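Heads up, data_39.cif below (mmCIF, C-alpha atoms):
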```cif
data_query
#
loop_
_atom_site.label_atom_id
_atom_site.label_comp_id
_atom_site.auth_asym_id
_atom_site.auth_seq_id
_atom_site.Cartn_x
_atom_site.Cartn_y
_atom_site.Cartn_z
CA MET M 1 -11.31 63.24 122.62
CA ALA M 2 -14.86 62.54 123.53
CA PHE M 3 -18.35 63.33 122.39
CA PRO M 4 -20.03 66.42 123.79
CA GLN M 5 -22.39 65.39 126.55
CA VAL M 6 -25.87 66.53 127.51
CA ARG M 7 -26.38 67.39 131.16
CA ALA M 8 -29.09 65.23 132.67
CA SER M 9 -31.44 68.03 133.57
CA ILE M 10 -33.55 69.15 130.59
CA PRO M 11 -36.42 71.40 131.71
CA SER M 12 -39.35 71.40 129.30
CA GLU M 13 -43.04 72.20 129.06
CA PHE M 14 -45.79 72.76 126.51
CA THR M 15 -48.98 74.63 127.38
CA GLU M 16 -52.07 75.99 125.75
CA THR M 17 -51.96 79.23 127.67
CA ASP M 18 -52.03 82.45 125.68
CA ARG M 19 -48.96 84.23 126.95
CA SER M 20 -46.66 87.06 125.96
CA SER M 21 -43.47 85.50 127.28
CA ILE M 22 -41.99 82.19 128.25
CA VAL M 23 -39.70 81.78 131.20
CA CYS M 24 -37.28 79.03 130.19
CA THR M 25 -35.68 77.46 133.23
CA HIS M 26 -32.01 76.61 132.78
CA PRO M 27 -30.85 73.03 133.30
CA THR M 28 -29.74 72.09 136.78
CA GLY M 29 -25.96 71.97 136.87
CA LEU M 30 -25.51 74.54 134.13
CA THR M 31 -21.91 75.74 134.30
CA ALA M 32 -20.22 78.71 132.71
CA GLY M 33 -18.70 77.46 129.46
CA ASP M 34 -21.49 74.98 128.72
CA LEU M 35 -23.27 75.32 125.40
CA LEU M 36 -26.74 76.46 126.41
CA LEU M 37 -29.58 75.61 124.01
CA ILE M 38 -33.15 76.91 124.20
CA PHE M 39 -35.79 75.31 121.98
CA VAL M 40 -39.15 77.05 121.70
CA GLY M 41 -42.14 75.81 119.75
CA LEU M 42 -45.04 78.13 118.92
CA ILE M 43 -48.31 76.90 117.46
CA ASN M 44 -51.22 79.07 116.38
CA PHE M 45 -53.70 78.20 113.69
CA GLY M 46 -55.36 81.63 113.66
CA PHE M 47 -52.63 84.28 113.38
CA ASP M 48 -48.91 84.67 112.88
CA VAL M 49 -46.67 84.33 115.90
CA SER M 50 -43.08 85.07 116.62
CA ALA M 51 -40.51 85.22 119.37
CA SER M 52 -37.73 87.67 120.05
CA THR M 53 -34.14 86.49 120.26
CA PRO M 54 -32.91 86.78 123.85
CA SER M 55 -29.85 88.93 124.40
CA GLY M 56 -26.56 87.20 123.73
CA PHE M 57 -28.01 84.22 121.88
CA SER M 58 -27.72 83.18 118.23
CA GLU M 59 -30.83 82.02 116.44
CA ILE M 60 -31.83 79.14 114.21
CA ALA M 61 -35.52 79.21 113.27
CA SER M 62 -37.83 77.08 111.20
CA ASN M 63 -41.36 78.15 110.43
CA ALA M 64 -44.32 76.47 108.86
CA GLY M 65 -47.86 77.43 107.90
CA GLY M 66 -47.25 81.12 107.31
CA SER M 67 -45.37 81.72 110.54
CA ARG M 68 -48.08 80.05 112.58
CA ARG M 69 -45.99 77.05 113.60
CA LEU M 70 -42.47 77.99 114.53
CA LEU M 71 -39.61 76.08 116.01
CA TYR M 72 -36.75 78.16 117.37
CA LEU M 73 -33.35 77.18 118.63
CA TRP M 74 -31.22 79.78 120.38
CA TYR M 75 -27.75 78.97 121.58
CA LYS M 76 -24.84 80.57 123.40
CA VAL M 77 -21.91 79.70 125.59
CA ALA M 78 -23.23 80.08 129.11
CA THR M 79 -21.72 82.72 131.34
CA ALA M 80 -21.63 83.00 135.10
CA GLY M 81 -24.53 85.44 134.69
CA ASP M 82 -26.62 82.78 132.96
CA VAL M 83 -25.86 80.36 135.77
CA SER M 84 -26.92 82.79 138.46
CA ALA M 85 -29.99 83.98 136.49
CA GLY M 86 -31.43 80.47 136.43
CA SER M 87 -33.68 81.15 133.48
CA THR M 88 -34.04 83.05 130.23
CA THR M 89 -37.24 84.86 129.30
CA ILE M 90 -38.43 84.68 125.72
CA THR M 91 -40.73 87.48 124.60
CA LEU M 92 -43.65 86.65 122.30
CA PRO M 93 -44.68 90.00 120.69
CA SER M 94 -47.91 88.61 119.24
CA GLY M 95 -48.73 86.22 122.01
CA SER M 96 -49.30 82.57 121.32
CA ASP M 97 -52.04 80.01 121.50
CA LYS M 98 -49.88 77.00 122.22
CA SER M 99 -46.21 77.23 123.19
CA GLY M 100 -43.54 75.16 124.76
CA TYR M 101 -39.84 75.07 125.41
CA ALA M 102 -36.92 72.91 126.38
CA THR M 103 -33.47 73.93 127.58
CA MET M 104 -30.35 71.82 127.26
CA ALA M 105 -26.79 72.26 128.54
CA ILE M 106 -23.96 70.56 126.69
CA THR M 107 -20.46 70.02 127.99
CA GLY M 108 -17.29 69.22 126.08
CA ALA M 109 -18.07 71.15 122.90
CA ALA M 110 -15.27 72.62 120.82
CA SER M 111 -14.62 76.04 122.31
CA GLY M 112 -15.20 78.72 119.71
CA SER M 113 -16.55 76.18 117.20
CA GLU M 114 -19.36 74.69 119.25
CA LEU M 115 -22.14 74.69 116.70
CA THR M 116 -21.22 75.27 113.08
CA LEU M 117 -23.61 73.03 111.12
CA PHE M 118 -27.40 73.09 111.13
CA GLU M 119 -30.49 72.72 108.98
CA GLN M 120 -34.03 73.91 109.37
CA ASP M 121 -36.87 72.44 107.32
CA VAL M 122 -40.64 72.31 106.99
CA ILE M 123 -42.32 69.03 106.06
CA THR M 124 -45.88 67.79 105.54
CA PRO M 125 -45.60 64.10 106.26
CA SER M 126 -49.13 62.60 105.76
CA SER M 127 -47.77 59.75 107.77
CA ASP M 128 -46.86 58.83 111.29
CA THR M 129 -43.19 59.17 110.33
CA LEU M 130 -41.63 62.56 109.70
CA THR M 131 -38.62 61.99 107.45
CA VAL M 132 -36.38 64.86 106.40
CA THR M 133 -33.70 64.73 103.75
CA THR M 134 -30.48 66.07 105.21
CA ALA M 135 -27.17 67.06 103.67
CA ILE M 136 -24.76 67.80 106.48
CA THR M 137 -21.16 66.64 106.54
CA PRO M 138 -19.57 66.78 109.99
CA ILE M 139 -16.33 68.72 110.24
CA VAL M 140 -14.98 66.70 113.15
CA PRO M 141 -14.85 62.94 113.78
CA GLU M 142 -17.05 63.13 116.86
CA SER M 143 -20.25 65.16 116.91
CA LEU M 144 -23.37 65.32 119.01
CA ALA M 145 -26.36 65.25 116.67
CA ILE M 146 -29.50 67.00 117.89
CA SER M 147 -32.73 66.40 116.02
CA ALA M 148 -35.80 68.49 116.94
CA PHE M 149 -39.32 68.29 115.54
CA LEU M 150 -42.50 70.27 116.03
CA PRO M 151 -45.21 68.05 114.47
CA VAL M 152 -48.74 69.57 114.41
CA ASP M 153 -52.17 68.52 113.29
CA LEU M 154 -55.77 69.75 113.41
CA SER M 155 -57.39 66.44 114.18
CA LEU M 156 -55.45 64.61 116.78
CA SER M 157 -56.96 61.79 118.72
CA ALA M 158 -54.54 62.40 121.58
CA VAL M 159 -51.45 64.38 122.43
CA LEU M 160 -48.75 63.42 119.94
CA THR M 161 -45.87 61.45 121.36
CA ALA M 162 -42.63 60.24 119.83
CA SER M 163 -41.91 56.56 119.61
CA SER M 164 -38.53 56.49 117.90
CA PHE M 165 -35.91 58.70 116.30
CA SER M 166 -33.48 57.73 113.58
CA LEU M 167 -30.54 59.07 111.62
CA THR M 168 -28.89 57.95 108.40
CA PRO M 169 -26.13 56.69 108.60
CA SER M 170 -27.47 54.66 111.46
CA THR M 171 -26.91 56.28 114.82
CA THR M 172 -28.45 55.51 118.18
CA MET M 173 -30.73 58.41 119.05
CA ILE M 174 -31.83 59.03 122.61
CA GLU M 175 -35.11 60.78 123.22
CA ARG M 176 -34.59 63.85 125.40
CA VAL M 177 -37.81 65.83 125.13
CA ASP M 178 -41.38 64.83 124.27
CA VAL M 179 -43.96 67.38 125.39
CA GLY M 180 -47.12 68.52 123.63
CA VAL M 181 -50.70 69.72 123.82
CA ARG M 182 -54.06 68.95 122.26
CA ASP M 183 -57.05 71.24 122.66
CA GLY M 184 -60.74 70.51 122.69
CA SER M 185 -60.92 70.98 118.93
CA SER M 186 -58.30 68.25 118.47
CA ASP M 187 -55.69 70.79 117.42
CA GLY M 188 -52.26 70.33 118.83
CA GLY M 189 -48.62 69.65 118.48
CA SER M 190 -45.54 68.52 120.35
CA LEU M 191 -41.91 69.41 120.82
CA MET M 192 -39.75 66.34 120.31
CA ILE M 193 -35.96 66.32 120.65
CA ALA M 194 -33.41 63.53 120.49
CA THR M 195 -29.62 63.42 120.57
CA GLY M 196 -27.08 60.93 119.24
CA GLU M 197 -23.33 60.51 119.23
CA TYR M 198 -22.30 60.62 115.58
CA SER M 199 -18.91 59.16 114.65
CA GLY M 200 -16.99 60.00 111.52
CA THR M 201 -17.33 62.61 108.85
CA SER M 202 -19.67 60.82 106.45
CA GLN M 203 -22.52 62.97 105.26
CA ILE M 204 -25.77 62.65 107.22
CA THR M 205 -28.47 62.09 104.62
CA SER M 206 -31.71 61.90 106.56
CA ARG M 207 -33.32 62.11 109.94
CA ALA M 208 -36.74 61.00 111.13
CA VAL M 209 -39.11 60.62 114.02
CA THR M 210 -42.06 58.28 114.27
CA VAL M 211 -45.04 59.69 116.18
CA SER M 212 -48.11 58.20 117.76
CA GLU M 213 -50.47 58.84 114.85
CA SER M 214 -50.43 59.98 111.25
CA ILE M 215 -50.37 63.74 110.84
CA ASN M 216 -51.00 66.07 107.93
CA GLY M 217 -50.02 69.45 109.31
CA GLU M 218 -46.95 71.34 108.17
CA SER M 219 -44.30 70.69 110.74
CA ALA M 220 -41.05 72.47 111.53
CA THR M 221 -37.75 70.74 112.20
CA ILE M 222 -34.24 71.72 113.15
CA PHE M 223 -31.10 69.60 113.08
CA VAL M 224 -27.71 70.63 114.49
CA LEU M 225 -24.32 69.10 115.09
CA VAL M 226 -22.32 70.07 118.15
CA ASN M 227 -18.60 69.65 117.49
CA ALA M 228 -16.22 67.88 119.80
CA PRO M 229 -12.71 69.33 120.13
CA VAL M 230 -10.12 67.81 117.83
CA ASN M 231 -6.51 67.50 118.92
CA ALA M 232 -3.61 66.58 116.67
CA THR M 233 -0.21 65.02 117.08
CA ALA M 234 2.74 65.66 114.83
CA THR M 235 6.35 64.59 114.44
CA ASN M 236 9.04 66.61 112.78
CA ALA M 237 10.91 65.30 109.77
CA PHE M 238 14.46 65.44 111.14
CA PHE M 239 16.54 67.64 108.89
CA GLU M 240 20.27 67.21 108.37
CA ASN M 241 22.07 69.68 106.19
CA ASP M 242 24.96 68.87 103.87
CA SER M 243 28.15 70.81 104.25
CA GLU M 244 29.48 72.20 100.99
CA PHE M 245 33.13 72.84 100.35
CA PHE M 246 34.67 74.67 97.44
CA SER M 247 37.30 72.61 95.65
CA PRO M 248 40.66 74.34 95.00
CA LEU M 249 41.71 74.77 91.40
CA THR M 250 43.74 71.85 90.19
CA GLY M 251 45.34 70.97 86.89
CA SER M 252 48.53 69.73 85.27
CA THR M 253 49.87 73.22 84.93
CA GLN M 254 48.78 74.32 88.32
CA THR M 255 50.43 71.83 90.54
CA PRO M 256 51.00 73.70 93.70
CA SER M 257 54.50 73.80 95.13
CA ASN M 258 56.06 75.98 97.68
CA ASP M 259 58.34 78.78 96.51
CA PHE M 260 61.18 78.76 98.98
CA ARG M 261 62.50 82.16 99.73
CA GLU M 262 65.37 83.29 101.72
CA ILE M 263 64.90 86.57 103.35
CA SER M 264 67.93 88.65 104.23
CA PRO M 265 67.77 90.41 107.50
CA GLN M 266 67.50 94.09 107.34
CA PHE M 267 69.39 96.18 109.80
CA PHE M 268 68.88 99.74 110.56
CA ALA M 269 72.14 101.79 110.43
CA ALA M 270 73.08 102.96 113.83
CA SER M 271 73.95 106.62 114.28
CA ALA M 272 77.03 107.49 116.28
CA LYS M 273 78.98 110.70 117.05
CA ALA M 274 82.50 110.72 118.36
CA SER M 275 83.98 113.48 120.57
CA ARG M 276 87.53 114.21 121.53
CA GLY M 277 88.46 113.65 125.10
CA THR M 278 90.16 116.28 127.39
CA ASN M 279 93.92 116.04 127.47
CA TRP M 280 94.73 116.51 131.05
CA GLN M 281 98.18 117.73 131.95
CA THR M 282 99.77 117.91 135.26
CA GLU M 283 100.54 121.40 136.39
CA SER M 284 104.23 122.16 136.90
CA LYS M 285 104.92 122.40 140.54
CA PRO M 286 108.13 122.22 142.46
CA SER M 287 108.69 118.88 143.78
CA THR M 288 109.23 118.27 147.43
CA ASN M 289 112.24 116.44 148.52
CA TRP M 290 111.53 114.56 151.61
CA GLU M 291 114.41 113.75 153.75
CA ASN M 292 114.54 111.58 156.80
CA GLU M 293 115.05 113.32 160.09
CA ILE M 294 118.28 112.62 161.68
CA MET E 1 39.42 65.69 103.47
CA SER E 2 37.83 69.03 104.06
CA THR E 3 35.79 69.39 107.20
CA LEU E 4 34.11 71.90 109.42
CA HIS E 5 34.93 71.44 113.03
CA LEU E 6 32.11 70.41 115.30
CA LYS E 7 32.91 72.58 118.28
CA SER E 8 32.86 75.71 116.15
CA LEU E 9 29.54 74.69 114.65
CA GLU E 10 28.15 74.18 118.12
CA ILE E 11 29.47 77.55 119.28
CA MET E 12 27.91 79.27 116.28
CA LEU E 13 24.54 77.67 117.00
CA ASP E 14 24.77 78.52 120.68
CA GLU E 15 25.56 82.13 119.85
CA ILE E 16 22.43 82.42 117.73
CA LEU E 17 20.29 80.78 120.43
CA ALA E 18 21.70 83.21 122.97
CA LEU E 19 20.04 86.07 121.11
CA GLY E 20 16.64 85.33 122.64
CA THR E 21 14.03 82.66 123.29
CA LEU E 22 13.57 79.73 120.91
CA LYS E 23 9.95 79.47 119.75
CA LEU E 24 8.02 77.15 117.48
CA TYR E 25 5.44 78.57 115.09
CA PRO E 26 2.96 76.27 113.28
CA MET E 27 2.95 77.59 109.73
CA ALA E 28 0.16 77.78 107.16
CA VAL E 29 -0.12 74.93 104.71
CA SER E 30 0.23 77.47 101.90
CA PHE E 31 3.54 78.79 103.26
CA THR E 32 6.64 78.06 101.22
CA PRO E 33 9.90 78.67 103.05
CA ASN E 34 12.63 80.56 101.26
CA ALA E 35 16.08 80.22 102.74
CA GLY E 36 17.34 83.35 101.06
CA THR E 37 14.62 85.94 101.35
CA GLN E 38 13.18 85.03 104.73
CA SER E 39 15.61 86.00 107.43
CA TYR E 40 13.66 87.32 110.39
CA PHE E 41 10.28 86.57 111.89
CA SER E 42 8.84 89.73 110.37
CA ASP E 43 9.43 88.10 106.97
CA ILE E 44 7.13 85.16 107.78
CA SER E 45 4.79 86.40 110.51
CA ALA E 46 1.92 86.72 108.02
CA ASN E 47 2.28 83.03 107.21
CA VAL E 48 1.75 81.64 110.69
CA ALA E 49 -1.12 79.14 110.57
CA SER E 50 -4.48 80.82 111.15
CA GLY E 51 -5.46 80.64 114.78
CA ALA E 52 -2.04 79.43 115.87
CA ALA E 53 0.40 81.12 118.21
CA ALA E 54 4.00 80.59 119.23
CA VAL E 55 5.01 77.81 121.55
CA THR E 56 8.04 78.56 123.72
CA LEU E 57 10.40 75.61 123.56
CA THR E 58 12.01 74.20 126.67
CA GLY E 59 14.98 71.92 127.10
CA VAL E 60 16.92 73.58 124.29
CA THR E 61 20.22 71.76 123.80
CA THR E 62 22.94 71.62 121.20
CA THR E 63 24.87 68.38 121.08
CA ILE E 64 27.98 67.26 119.24
CA ASP E 65 27.31 63.88 117.67
CA THR E 66 30.73 62.51 116.81
CA VAL E 67 29.31 59.27 115.46
CA ASN E 68 27.31 61.07 112.80
CA ASN E 69 29.78 63.92 112.58
CA ARG E 70 27.25 66.69 113.23
CA VAL E 71 25.81 69.13 115.75
CA GLU E 72 22.18 68.58 116.69
CA LEU E 73 19.57 71.00 118.01
CA ASP E 74 17.04 69.33 120.27
CA THR E 75 14.24 70.46 122.60
CA ASP E 76 11.50 68.95 124.68
CA ASN E 77 8.27 68.01 122.95
CA ALA E 78 5.90 70.95 122.52
CA THR E 79 2.14 71.38 122.76
CA THR E 80 0.12 74.32 121.51
CA GLY E 81 -2.75 75.90 123.35
CA THR E 82 -6.34 75.23 122.27
CA ILE E 83 -6.59 76.35 118.67
CA THR E 84 -8.51 75.73 115.47
CA THR E 85 -6.01 75.44 112.67
CA SER E 86 -4.32 73.36 109.98
CA THR E 87 -0.58 73.10 109.50
CA ASN E 88 2.02 70.92 107.80
CA LYS E 89 5.26 72.53 108.94
CA TYR E 90 6.72 74.69 111.66
CA SER E 91 9.37 77.37 111.88
CA LEU E 92 11.92 77.75 114.64
CA VAL E 93 12.54 81.38 115.53
CA VAL E 94 14.84 82.93 118.10
CA ASP E 95 12.59 85.60 119.56
CA THR E 96 14.59 88.68 120.49
CA GLY E 97 11.47 90.63 121.37
CA VAL E 98 11.48 92.42 118.04
CA ALA E 99 10.13 90.60 115.00
CA ALA E 100 12.52 92.34 112.65
CA THR E 101 15.56 91.11 114.57
CA SER E 102 14.38 87.62 115.47
CA PRO E 103 16.25 85.20 113.19
CA ILE E 104 14.51 82.22 111.64
CA LEU E 105 16.58 79.15 112.34
CA ALA E 106 14.73 76.57 110.29
CA THR E 107 11.41 75.53 108.80
CA ILE E 108 10.69 71.85 109.20
CA ASP E 109 8.06 69.57 107.63
CA LEU E 110 5.76 67.30 109.61
CA VAL E 111 5.98 63.58 108.99
CA GLU E 112 2.20 63.29 109.08
CA GLY E 113 1.66 65.91 106.38
CA THR E 114 -1.19 68.25 107.24
CA VAL E 115 -2.68 68.02 110.73
CA SER E 116 -5.81 69.88 111.81
CA THR E 117 -7.42 70.83 115.07
CA VAL E 118 -10.84 72.12 116.06
CA ALA E 119 -10.63 73.83 119.40
CA GLY E 120 -7.89 71.34 120.21
CA THR E 121 -4.16 71.12 120.69
CA ILE E 122 -1.24 69.99 118.57
CA THR E 123 1.40 67.97 120.35
CA PHE E 124 4.72 68.00 118.51
CA THR E 125 6.75 64.92 119.29
CA ILE E 126 10.28 65.94 118.41
CA ASN E 127 12.42 63.35 116.67
CA SER E 128 14.78 61.59 119.06
CA GLU E 129 17.71 63.17 117.18
CA GLY E 130 16.25 66.65 117.52
CA HIS E 131 14.91 69.22 115.09
CA PHE E 132 17.88 69.39 112.76
CA ALA E 133 21.63 68.89 112.54
CA LEU E 134 24.56 70.72 110.99
CA LYS E 135 26.99 68.34 109.37
CA ALA E 136 30.71 68.82 109.60
CA ALA E 137 31.57 66.98 106.41
#
```

Could you spell out this file's structure in structure tokens?
Amino acid sequence: MAFPQVRASIPSEFTETDRSSIVCTHPTGLTAGDLLLIFVGLINFGFDVSASTPSGFSEIASNAGGSRRLLYLWYKVATAGDVSAGSTTITLPSGSDKSGYATMAITGAASGSELTLFEQDVITPSSDTLTVTTAITPIVPESLAISAFLPVDLSLSAVLTASSFSLTPSTTMIERVDVGVRDGSSDGGSLMIATGEYSGTSQITSRAVTVSESINGESATIFVLVNAPVNATATNAFFENDSEFFSPLTGSTQTPSNDFREISPQFFAASAKASRGTNWQTESKPSTNWENEI
Amino acid sequence: MSTLHLKSLEIMLDEILALGTLKLYPMAVSFTPNAGTQSYFSDISANVASGAAAVTLTGVTTTIDTVNNRVELDTDNATTGTITTSTNKYSLVVDTGVAATSPILATIDLVEGTVSTVAGTITFTINSEGHFALKAA
């Protein structure tokens, strides 16, 4: 067994362009059978925004600030069609002020049970550390933990960047994505994603990211576990039956002995019929007297 | 001393095996075997472990063990396909092609108790003596 792995290529961007769709480039090396993840962050301080689920994907979504800051995660098992398409287009029905995405391909996930545990939360940190209480218990001994944050604020001094990610119980988290925007009014936000190989099935109780400055805006987060396959080995308990025999009746009055018998032969009476024989008589004839010639 | 004779036991076992193909079914943890009421695979098919399928056994042999005075049924080790399941026992069935005529030979516990997979395989390491043995006396 082994942990699911993230392919090296992780396309990502965050822009301040008002757009009605986002073309999310697939990771280089995406292969049919990979778990394909698309993260999209939408930020708008003036009106509600949303995104439509692309065909064939399942959705996890976390929204904050009255649907004006949304973090989406869509996932599916990649097909040959996804590989050849090279990208997935996300439609934004209401447009968006600030939007970004990241795509990730994961190999070695449990086929049919790739992603079974997730949480989505909204937090208002008032700090440079966004800490989220988590209550997820892995179902397999080896999982890939993916922690995504969309921190936002109205008075940023610079584009927000991530400095460190953490998980409790302690797990080494590797930063995978850190892209963001800040406009001329100091409004902005960033999409930050990290992954970590989580061993064991102890409950994960919190996750956090420390960013470049204290923020006060409501921020969306998503946390998922990608399951590794689990094999098993077994040995049979060798089974040996017992033969059972029925004891013959025994007792002082039932001592067996042979009863000798003599059997007389039986003969079938033969049937016979006698007949009288013919009494042959010689006919009377004159006898011949032979005399020698002289 | 009363005894069954080993060669006849072996012949009986071979005759049953000749009815079809010997298969191993991982069974649900909740399944309780009943030697009297469960005769054919159709009697237990609903109790196969969720997500599991039959494994065709290879290297099927019956052997007279004169030292232990018994006839043993042995096969090669067996590995399932990729499944998500839990099991603590398996049934040996001679598959005739029809569930209602495929006799159940035995249901056998796992030493490890319950084993589970998530999109993984189960490798059954068969005891060096085999699956089971019929004693002569």

Just the residues within 8 Å of segment 91-95 of chain M, please, counting only C-alpha atoms, with nothing from its chain fewer than 4 positions along; format it as a PyMOL selection string. chain M and resi 18-22+48-54

Next, write the just-selected residues to a file, as a PDB file, in the frame of the given file, keeping C-alpha atoms as the atom set.
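Writing done, so here's out.pdb:
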```pdb
ATOM      1  CA  ASP M  18     -52.030  82.450 125.680  1.00  0.00           C
ATOM      2  CA  ARG M  19     -48.960  84.230 126.950  1.00  0.00           C
ATOM      3  CA  SER M  20     -46.660  87.060 125.960  1.00  0.00           C
ATOM      4  CA  SER M  21     -43.470  85.500 127.280  1.00  0.00           C
ATOM      5  CA  ILE M  22     -41.990  82.190 128.250  1.00  0.00           C
ATOM      6  CA  ASP M  48     -48.910  84.670 112.880  1.00  0.00           C
ATOM      7  CA  VAL M  49     -46.670  84.330 115.900  1.00  0.00           C
ATOM      8  CA  SER M  50     -43.080  85.070 116.620  1.00  0.00           C
ATOM      9  CA  ALA M  51     -40.510  85.220 119.370  1.00  0.00           C
ATOM     10  CA  SER M  52     -37.730  87.670 120.050  1.00  0.00           C
ATOM     11  CA  THR M  53     -34.140  86.490 120.260  1.00  0.00           C
ATOM     12  CA  PRO M  54     -32.910  86.780 123.850  1.00  0.00           C
TER      13      PRO M  54
END
```

With a distance cut-off of 10 Å and all atoms listed in the file, select the neighbouring residues of Ala158 of chain M, excluding the residue or stretch itself and same-chain residues fewer than 3 positions from it, and output the selection as JSON, numbers by chain. {"M": [155, 161, 180, 181, 182, 183, 186, 187, 188, 189, 212, 213]}

Which residue of E:Ala46, E:Pro103, E:Asn34, E:Ser91 approaches Glu15 of chain E most closely, using all atoms listed in the file: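 So, comparing all the options, the nearest one is E:Pro103.
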
Take the PyMOL selection byres ((chain E) within 7 of (chain M)), run it mentally on this structure, and tell me the resulting residues as an MDAnalysis selection string. chainID E and resid 108:112 115:127 130:137

Interatomic distance between atom CA of Leu71 of chain M and atom CA of Thr201 of chain M?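 Atom CA of Leu71 of chain M sits 27.0 Å away from atom CA of Thr201 of chain M.
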
Residues matched by the PyMOL selection byres ((chain E and resi 102) around 8), written as a list in words: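 When the PyMOL selection byres ((chain E and resi 102) around 8) is applied to the shown file, the picked residues are Gly20, Tyr40, Phe41, Ser42, Val93, Val94, Asp95, Thr96, Gly97, Val98, Ala99, Ala100, Thr101, Pro103 and Ile104 of chain E.
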
Expand the PyMOL selection byres ((chain E and resi 26) around 6) into the explicit residue set it covers here, and present it as JSON, numbers by chain. {"E": [25, 27, 49, 90]}

I need the residue nearest Thr131 of chain M from this list: M:Phe57, M:Tyr198, M:Phe165, M:Phe47. Use all atoms listed in the file for the distance. M:Phe165

Which one of M:Thr171, M:Asn216, M:Ser67, M:Thr103 sits closest to Val152 of chain M if you count all atoms listed in the file?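 Comparing M:Thr171, M:Asn216, M:Ser67, M:Thr103 against Val152 of chain M, the winner is M:Asn216.
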
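Distance-wise, atom CA of Gly81 of chain E and atom CA of Asp14 of chain E end up 27.8 Å apart.
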
For Val211 of chain M, the nearest of the candidates M:Pro4, M:Pro125, M:Gly41, M:Gly184, counting only C-alpha atoms: M:Pro125

How far is it from atom CA of Phe39 of chain M to atom CA of Trp74 of chain M, in Å with one decimal? 6.6 Å

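Taking all atoms listed in the file into account, Val177 of chain M lies nearest to M:Val40 out of the set M:Ile90, M:Leu156, M:Ala85, M:Val40.
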
When you count only C-alpha atoms, which of these residues is closest to Thr85 of chain E: E:Ser39, E:Thr58, E:Thr114, E:Ser50?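 Of E:Ser39, E:Thr58, E:Thr114, E:Ser50, the one nearest Thr85 of chain E is E:Ser50, counting only C-alpha atoms.
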